[in-house]
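K.L.:
Got a file for you: start.txt, compact mmCIF, C-alpha atoms.
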# COMPACT_ATOMS: atom_id res chain seq x y z
CA MET A 1 67.47 -53.05 179.32
CA GLU A 2 68.52 -55.21 176.39
CA LYS A 3 71.20 -53.74 174.22
CA LYS A 4 69.97 -52.57 170.82
CA VAL A 5 71.40 -54.64 168.00
CA THR A 6 73.42 -52.59 165.54
CA ARG A 7 75.14 -53.50 162.29
CA SER A 8 78.45 -53.99 164.10
CA ASP A 9 77.21 -56.46 166.70
CA SER A 10 74.46 -58.20 164.74
CA PRO A 11 75.07 -61.93 164.36
CA VAL A 12 73.77 -61.85 160.81
CA GLU A 13 76.53 -62.06 158.21
CA SER A 14 74.48 -63.29 155.26
CA ASP A 15 71.36 -65.38 154.76
CA SER A 16 73.56 -68.20 153.45
CA ASP A 17 74.81 -69.06 156.95
CA LEU A 18 71.41 -68.97 158.66
CA VAL A 19 68.74 -71.62 158.93
CA PHE A 20 65.31 -70.77 160.29
CA GLY A 21 62.18 -72.74 161.18
CA ARG A 22 61.91 -75.55 163.71
CA HIS A 23 62.29 -78.53 161.36
CA PRO A 24 65.26 -77.12 159.36
CA VAL A 25 67.02 -76.09 162.59
CA ALA A 26 66.44 -79.53 164.13
CA ALA A 27 67.87 -81.17 161.00
CA ALA A 28 70.95 -78.91 161.11
CA LEU A 29 71.47 -79.72 164.80
CA LYS A 30 71.31 -83.45 164.08
CA GLU A 31 73.87 -82.99 161.28
CA GLY A 32 76.20 -81.19 163.69
CA ARG A 33 76.36 -78.01 161.58
CA VAL A 34 74.96 -75.48 164.08
CA ASN A 35 77.37 -72.97 165.63
CA LYS A 36 74.81 -70.95 167.57
CA LEU A 37 71.07 -71.09 168.15
CA TRP A 38 68.53 -68.34 168.91
CA LEU A 39 65.11 -69.23 170.32
CA LEU A 40 62.08 -67.04 170.88
CA ARG A 41 61.53 -66.38 174.58
CA GLY A 42 58.20 -67.65 175.91
CA PRO A 43 56.13 -70.84 175.85
CA GLY A 44 57.41 -72.98 173.00
CA GLY A 45 56.02 -76.48 173.48
CA SER A 46 57.55 -79.86 172.75
CA ALA A 47 59.15 -78.81 169.45
CA VAL A 48 61.22 -76.10 171.16
CA ASP A 49 62.02 -78.45 174.05
CA GLU A 50 63.46 -80.85 171.48
CA LEU A 51 65.64 -78.08 169.99
CA VAL A 52 66.98 -77.27 173.46
CA ARG A 53 67.71 -80.93 174.11
CA LEU A 54 69.56 -81.31 170.78
CA ALA A 55 71.55 -78.13 171.43
CA ARG A 56 72.60 -79.28 174.90
CA ASP A 57 73.50 -82.78 173.66
CA ARG A 58 75.76 -81.25 171.00
CA ARG A 59 77.05 -78.48 173.27
CA VAL A 60 75.70 -75.75 171.01
CA VAL A 61 75.40 -72.28 172.55
CA PHE A 62 71.79 -71.08 172.48
CA GLN A 63 70.17 -67.82 173.51
CA TRP A 64 66.60 -66.82 174.32
CA VAL A 65 65.60 -63.57 172.55
CA ASP A 66 62.49 -61.40 172.26
CA ARG A 67 60.33 -60.99 169.13
CA GLN A 68 62.10 -57.83 167.98
CA ARG A 69 65.51 -59.48 168.08
CA MET A 70 64.17 -62.60 166.37
CA ALA A 71 62.64 -60.51 163.59
CA GLY A 72 66.02 -58.82 163.10
CA LEU A 73 67.77 -62.17 162.80
CA ALA A 74 65.48 -63.42 160.04
CA PRO A 75 63.73 -60.39 158.52
CA GLY A 76 60.57 -61.30 156.63
CA ALA A 77 61.05 -65.05 157.22
CA VAL A 78 58.64 -67.48 158.86
CA HIS A 79 61.13 -68.45 161.56
CA GLN A 80 58.74 -70.26 163.97
CA GLY A 81 60.82 -68.93 166.84
CA ALA A 82 64.06 -70.66 165.88
CA VAL A 83 67.11 -69.35 163.99
CA ALA A 84 70.51 -71.04 163.81
CA ARG A 85 73.87 -70.05 162.39
CA VAL A 86 75.32 -73.01 160.54
CA SER A 87 78.59 -73.96 158.92
CA ALA A 88 78.63 -74.22 155.16
CA HIS A 89 76.67 -77.16 153.80
CA ALA A 90 78.83 -80.26 153.55
CA TYR A 91 78.40 -81.20 149.91
CA GLN A 92 79.23 -84.73 148.87
CA THR A 93 81.44 -85.66 145.91
CA LEU A 94 80.85 -88.09 143.07
CA ASP A 95 83.37 -90.39 144.73
CA ASP A 96 81.17 -90.34 147.83
CA LEU A 97 78.26 -91.52 145.68
CA TRP A 98 80.29 -94.30 144.09
CA ALA A 99 81.28 -95.43 147.59
CA LEU A 100 77.58 -96.17 148.12
CA GLY A 101 77.62 -98.53 145.14
CA ARG A 102 75.51 -97.25 142.29
CA PRO A 103 72.66 -95.32 143.96
CA ALA A 104 69.60 -94.78 141.81
CA PRO A 105 67.77 -92.88 140.70
CA LEU A 106 69.93 -89.79 140.67
CA LEU A 107 68.40 -86.34 140.24
CA VAL A 108 70.56 -83.94 138.22
CA LEU A 109 69.60 -80.24 138.28
CA ASP A 110 70.54 -77.96 135.41
CA GLY A 111 70.46 -74.24 136.20
CA ILE A 112 67.88 -74.13 139.00
CA THR A 113 68.36 -70.61 140.39
CA ASP A 114 65.27 -70.20 142.60
CA PRO A 115 66.07 -71.34 146.17
CA HIS A 116 62.42 -72.23 146.84
CA ASN A 117 62.40 -74.50 143.79
CA LEU A 118 65.65 -76.10 144.91
CA GLY A 119 64.24 -76.73 148.37
CA ALA A 120 61.10 -78.31 146.89
CA LEU A 121 63.23 -80.49 144.60
CA LEU A 122 65.30 -81.70 147.56
CA ARG A 123 62.10 -82.54 149.41
CA ASN A 124 60.82 -84.50 146.39
CA ALA A 125 64.13 -86.34 146.19
CA ALA A 126 63.90 -87.39 149.84
CA PHE A 127 60.23 -88.43 149.56
CA PHE A 128 60.82 -90.73 146.58
CA GLY A 129 64.06 -92.19 147.91
CA THR A 130 66.43 -90.68 145.38
CA GLY A 131 70.00 -91.90 145.67
CA GLY A 132 71.54 -88.43 145.30
CA VAL A 133 71.05 -84.93 143.92
CA ILE A 134 73.65 -83.36 141.63
CA LEU A 135 73.69 -79.61 141.06
CA PRO A 136 76.09 -77.22 139.31
CA ARG A 137 78.44 -75.00 141.26
CA TRP A 138 77.96 -71.99 138.96
CA ARG A 139 74.88 -70.05 137.84
CA ALA A 140 72.59 -72.05 140.11
CA ALA A 141 71.19 -71.92 143.63
CA GLY A 142 73.24 -73.51 146.41
CA ILE A 143 72.18 -74.66 149.86
CA THR A 144 71.11 -71.65 151.94
CA GLY A 145 68.75 -71.03 154.82
CA VAL A 146 65.92 -70.35 152.37
CA VAL A 147 66.58 -73.67 150.64
CA ALA A 148 66.70 -75.51 153.97
CA LYS A 149 63.37 -73.98 154.96
CA ALA A 150 61.75 -74.95 151.64
CA ALA A 151 63.13 -78.48 152.01
CA ALA A 152 61.03 -78.75 155.19
CA GLY A 153 63.49 -80.69 157.31
CA THR A 154 64.58 -83.15 154.59
CA LEU A 155 67.99 -81.56 153.97
CA GLY A 156 70.61 -84.16 154.81
CA MET A 157 68.40 -87.14 153.96
CA VAL A 158 69.78 -87.33 150.41
CA PRO A 159 73.43 -86.74 149.42
CA VAL A 160 73.86 -83.45 147.53
CA VAL A 161 76.80 -83.19 145.14
CA GLN A 162 78.11 -79.98 143.56
CA VAL A 163 79.89 -80.32 140.21
CA ALA A 164 81.75 -77.86 138.00
CA ASN A 165 80.33 -79.04 134.68
CA THR A 166 76.92 -80.72 134.38
CA ALA A 167 77.37 -81.91 130.79
CA GLN A 168 80.69 -83.55 131.64
CA THR A 169 79.16 -85.13 134.74
CA LEU A 170 76.47 -86.75 132.59
CA MET A 171 79.23 -88.40 130.56
CA GLU A 172 80.77 -89.71 133.79
CA LEU A 173 77.38 -91.09 134.83
CA LYS A 174 77.09 -92.90 131.51
CA GLU A 175 80.52 -94.42 132.03
CA LYS A 176 79.18 -95.75 135.35
CA GLY A 177 76.27 -97.40 133.52
CA TYR A 178 73.53 -94.83 134.08
CA TRP A 179 70.89 -94.05 131.48
CA VAL A 180 70.32 -90.30 131.34
CA TYR A 181 66.79 -88.97 130.81
CA GLY A 182 66.04 -85.27 130.47
CA ALA A 183 62.73 -83.64 131.32
CA ASP A 184 61.49 -81.66 128.32
CA GLU A 185 58.02 -80.67 127.13
CA GLU A 186 58.87 -81.99 123.65
CA GLY A 187 59.91 -85.39 125.00
CA ASP A 188 58.07 -88.70 124.91
CA PRO A 189 55.19 -89.09 127.41
CA CYS A 190 56.44 -90.64 130.63
CA ASP A 191 53.51 -93.11 130.72
CA GLN A 192 55.08 -94.67 127.60
CA TRP A 193 58.56 -94.56 129.10
CA ASP A 194 60.58 -97.71 128.43
CA VAL A 195 62.89 -97.11 131.37
CA ALA A 196 66.36 -98.60 131.50
CA PHE A 197 67.97 -98.75 134.95
CA PRO A 198 69.98 -97.31 136.67
CA VAL A 199 68.56 -93.87 135.95
CA ALA A 200 69.80 -90.29 136.13
CA LEU A 201 66.93 -87.82 135.69
CA VAL A 202 67.84 -84.30 134.55
CA ILE A 203 65.58 -81.34 135.39
CA GLY A 204 66.17 -77.91 133.82
CA ALA A 205 65.21 -74.44 134.93
CA GLU A 206 61.72 -73.09 134.38
CA GLY A 207 61.42 -71.17 131.14
CA GLU A 208 64.93 -71.87 129.91
CA GLY A 209 64.75 -75.64 130.26
CA LEU A 210 67.80 -77.82 129.65
CA HIS A 211 70.96 -76.17 128.35
CA ARG A 212 71.85 -77.26 124.81
CA LEU A 213 74.89 -79.35 125.70
CA VAL A 214 73.12 -80.96 128.64
CA ARG A 215 70.15 -81.78 126.41
CA GLU A 216 72.46 -83.37 123.84
CA ARG A 217 74.01 -85.59 126.53
CA CYS A 218 70.62 -87.11 127.43
CA ASP A 219 69.81 -90.57 126.08
CA ARG A 220 66.15 -89.65 125.79
CA LEU A 221 63.82 -86.74 126.58
CA ILE A 222 60.75 -87.38 128.71
CA ALA A 223 57.62 -85.24 129.24
CA VAL A 224 54.75 -85.31 131.72
CA PRO A 225 51.51 -85.53 129.68
CA GLY A 226 48.71 -83.14 130.64
CA ALA A 227 45.46 -81.68 129.42
CA GLY A 228 47.26 -79.08 127.32
CA LYS A 229 45.83 -75.97 128.98
CA THR A 230 49.35 -74.93 129.89
CA SER A 231 52.56 -75.91 128.14
CA SER A 232 54.54 -77.16 131.12
CA LEU A 233 54.83 -77.74 134.86
CA ASN A 234 57.26 -75.93 137.09
CA ALA A 235 60.52 -77.71 137.80
CA SER A 236 59.63 -79.20 141.19
CA CYS A 237 56.23 -80.46 140.03
CA ALA A 238 57.68 -82.04 136.88
CA ALA A 239 60.38 -83.69 138.97
CA ALA A 240 57.80 -85.03 141.43
CA ALA A 241 55.75 -86.59 138.63
CA LEU A 242 58.77 -88.21 136.98
CA LEU A 243 60.32 -89.37 140.25
CA TYR A 244 57.00 -90.99 141.16
CA GLU A 245 56.99 -92.78 137.79
CA LEU A 246 60.50 -94.07 138.49
CA PHE A 247 59.47 -95.05 142.02
CA ARG A 248 56.46 -96.94 140.65
CA ARG A 249 58.51 -98.67 137.96
CA GLY A 250 61.21 -99.55 140.45
CA ARG A 251 58.69 -101.37 142.64
CA THR A 252 57.46 -103.44 139.67
CA PRO A 253 59.51 -106.57 138.87
CA ARG A 254 61.56 -105.91 135.76
Write out the structure in this file as structure tokens.

P.N.:
Amino acid sequence: MEKKVTRSDSPVESDSDLVFGRHPVAAALKEGRVNKLWLLRGPGGSAVDELVRLARDRRVVFQWVDRQRMAGLAPGAVHQGAVARVSAHAYQTLDDLWALGRPAPLLVLDGITDPHNLGALLRNAAFFGTGGVILPRWRAAGITGVVAKAAAGTLGMVPVVQVANTAQTLMELKEKGYWVYGADEEGDPCDQWDVAFPVALVIGAEGEGLHRLVRERCDRLIAVPGAGKTSSLNASCAAAALLYELFRRGRTPR
């Protein structure tokens, strides 16, 4: 009879060190960040076979568990039969970005606290080929299992940098030659955007928008035009629209 999991022997320490879902777990295995892997016992198919192969290649300990144990590992989560304990996310630094040259565009996040929004923003960044994502260390969401799940396997495709002061970082970007554009409903329509490259695009939190000092550091404010039935898009949707516009402009000879 399987031993009942209690608080003292449960592997769960906090949701910040767990990743769940087949694609996020596979991405974490490829990054070499998985310490232990739990898989749902039973027929799993090719996706689970791939997780087992990755775990064995990287010598990661994995364990087959029943549905009750899996539910206890990731309560309320859509785990798809895979949960992994990971080391803390390996954030990049600004120096790491400069070592890549001058990657563009950059996506700068100002006060995004919802982990699902952050995950969606990271997925947008990967889809449109963003050179890096910069987020604040304080009063904002960091990389957790929920974020990794929302990013749908794209975590690790784009460098993520944590900074202590977003407004100061924008000044550093300007010194490196970046033009800083902030998303704001009162800004100029993006279809009339006279873009100067390289670009750093700043996205603020829903409701609050850009913080005052961050807003003041922007060279120009840009809005996504709409039909006017609602005043604004959520952060990830606004970012997707503006990143697409940058992607489109970047493909057009300048």

K.L.:
Taking only residues of range 87-113 of chain A that have an atom at most 10 Å from an atom of range 237-253 of chain A, what is each one's shortest atom pair and its distance in Å to one decimal, using only C-alpha atoms, in chain and number order, as a tab-separated table?

P.N.:
residue	atom	partner	partner_atom	distance
A:Ala104	CA	A:Leu246	CA	9.7
A:Pro105	CA	A:Leu246	CA	7.7
A:Leu106	CA	A:Leu243	CA	9.6
A:Leu107	CA	A:Ala239	CA	8.5
A:Leu109	CA	A:Ala239	CA	9.9

K.L.:
Selected residues, C-alpha atoms, written as a compact mmCIF listing (two decimals), in the frame of the given file, please.

P.N.:
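File again-v6.txt, as written:
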# COMPACT_ATOMS: atom_id res chain seq x y z
CA ALA A 104 69.60 -94.78 141.81
CA PRO A 105 67.77 -92.88 140.70
CA LEU A 106 69.93 -89.79 140.67
CA LEU A 107 68.40 -86.34 140.24
CA LEU A 109 69.60 -80.24 138.28

K.L.:
Out of A:Arg56, A:Lys176, A:Arg123, A:His89, which residue has the shortest atom-to-atom distance to Ser236 in chain A when counting only C-alpha atoms?

P.N.:
A:Arg123

K.L.:
Which residues come within 10 Å of Ala196 in chain A, counting only C-alpha atoms, excluding same-chain residues fewer than 6 positions away, as a PyMOL selection string?

P.N.:
chain A and resi 178-181+254

K.L.:
With 12 Å as the cut-off and only C-alpha atoms counted, what is the closest atom pair between each nearby residue of range 199-242 of chain A and range 138-157 of chain A? Distances in Å to one decimal, ordered by chain and number, as a Markdown table.

P.N.:
| residue | atom | partner | partner_atom | distance |
| --- | --- | --- | --- | --- |
| A:Gly204 | CA | A:Ala140 | CA | 10.7 |
| A:Ala205 | CA | A:Ala140 | CA | 9.3 |
| A:His211 | CA | A:Arg139 | CA | 12.0 |
| A:Ser236 | CA | A:Ala151 | CA | 11.4 |

K.L.:
Would you list the contacts of range 39-53 of chain A as a PyMOL selection string, taking every protein, DNA or RNA residue within 7 Å and counting all atoms listed in the file, but skipping same-chain residues closer than 4 positions in sequence?

P.N.:
chain A and resi 26+57+63-67+70+81-83

K.L.:
Taking into account only C-alpha atoms, which residue in the set A:Gly101, A:Gly226, A:Trp38, A:Val161 is nearest to Gly72 in chain A?

P.N.:
A:Trp38

K.L.:
Which protein, DNA or RNA residues are at most 12 Å from (78.3, -81.6, 128.5) in the file's coordinates when you count all atoms listed in the file, listed as a list in words?

P.N.:
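All residues meeting the 12 Å criterion around (78.3, -81.6, 128.5) are Asp110, Pro136, Val163, Ala164, Asn165, Thr166, Ala167, Gln168, Thr169, Leu170, Met171, Glu172, Leu173, Lys174, Leu210, His211, Arg212, Leu213, Val214, Arg215, Glu216, Arg217 and Cys218 of chain A.
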
K.L.:
Generate a file of the selected residues that holds C-alpha atoms, formatted as a PDB file, keeping the file's coordinate frame.

P.N.:
ATOM      1  CA  ASP A 110      70.540 -77.960 135.410  1.00  0.00           C
ATOM      2  CA  PRO A 136      76.090 -77.220 139.310  1.00  0.00           C
ATOM      3  CA  VAL A 163      79.890 -80.320 140.210  1.00  0.00           C
ATOM      4  CA  ALA A 164      81.750 -77.860 138.000  1.00  0.00           C
ATOM      5  CA  ASN A 165      80.330 -79.040 134.680  1.00  0.00           C
ATOM      6  CA  THR A 166      76.920 -80.720 134.380  1.00  0.00           C
ATOM      7  CA  ALA A 167      77.370 -81.910 130.790  1.00  0.00           C
ATOM      8  CA  GLN A 168      80.690 -83.550 131.640  1.00  0.00           C
ATOM      9  CA  THR A 169      79.160 -85.130 134.740  1.00  0.00           C
ATOM     10  CA  LEU A 170      76.470 -86.750 132.590  1.00  0.00           C
ATOM     11  CA  MET A 171      79.230 -88.400 130.560  1.00  0.00           C
ATOM     12  CA  GLU A 172      80.770 -89.710 133.790  1.00  0.00           C
ATOM     13  CA  LEU A 173      77.380 -91.090 134.830  1.00  0.00           C
ATOM     14  CA  LYS A 174      77.090 -92.900 131.510  1.00  0.00           C
ATOM     15  CA  LEU A 210      67.800 -77.820 129.650  1.00  0.00           C
ATOM     16  CA  HIS A 211      70.960 -76.170 128.350  1.00  0.00           C
ATOM     17  CA  ARG A 212      71.850 -77.260 124.810  1.00  0.00           C
ATOM     18  CA  LEU A 213      74.890 -79.350 125.700  1.00  0.00           C
ATOM     19  CA  VAL A 214      73.120 -80.960 128.640  1.00  0.00           C
ATOM     20  CA  ARG A 215      70.150 -81.780 126.410  1.00  0.00           C
ATOM     21  CA  GLU A 216      72.460 -83.370 123.840  1.00  0.00           C
ATOM     22  CA  ARG A 217      74.010 -85.590 126.530  1.00  0.00           C
ATOM     23  CA  CYS A 218      70.620 -87.110 127.430  1.00  0.00           C
TER      24      CYS A 218
END

K.L.:
Residues within 7 Å of Ala223 in chain A, please, as a list of chain:residue names. Count all atoms listed in the file; anything in the same chain fewer than 3 positions from it doesn't count.

P.N.:
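The residues satisfying every condition are A:Ala183, A:Asp184, A:Glu185, A:Glu186, A:Gly187, A:Asp188, A:Pro189, A:Cys190.
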
K.L.:
Which residue, A:Leu54, A:Ala235, A:Leu121, A:Val160, has the smallest gap to Asp96 in chain A when you use all atoms listed in the file?

P.N.:
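For Asp96 in chain A, the nearest of the given residues is A:Val160.
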
K.L.:
Work out how far apart CA of Gly182 in chain A and CA of Leu221 in chain A are and give it in Å to one decimal.

P.N.:
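Those two atoms sit 4.7 Å apart.
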
K.L.:
Write out as a PyMOL selection string each polymer residue whose atoms come within 12 Å of Pro159 in chain A, counting all atoms listed in the file; drop sequence neighbours fewer than 4 positions from it.

P.N.:
chain A and resi 89-100+103-104+106-108+122+125-126+129-135+154-155

K.L.:
Give the answer as one residue: which of A:Leu201, A:Ile112, A:Val86, A:Leu233 has the shortest atom-to-atom distance to Arg33 in chain A, using only C-alpha atoms?

P.N.:
A:Val86

K.L.:
Would you mind reading off the distance between CA of Ala71 in chain A and CA of Gly119 in chain A, one decimal, in Å?

P.N.:
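Spanning CA of Ala71 in chain A to CA of Gly119 in chain A is a straight-line distance of 22.3 Å.
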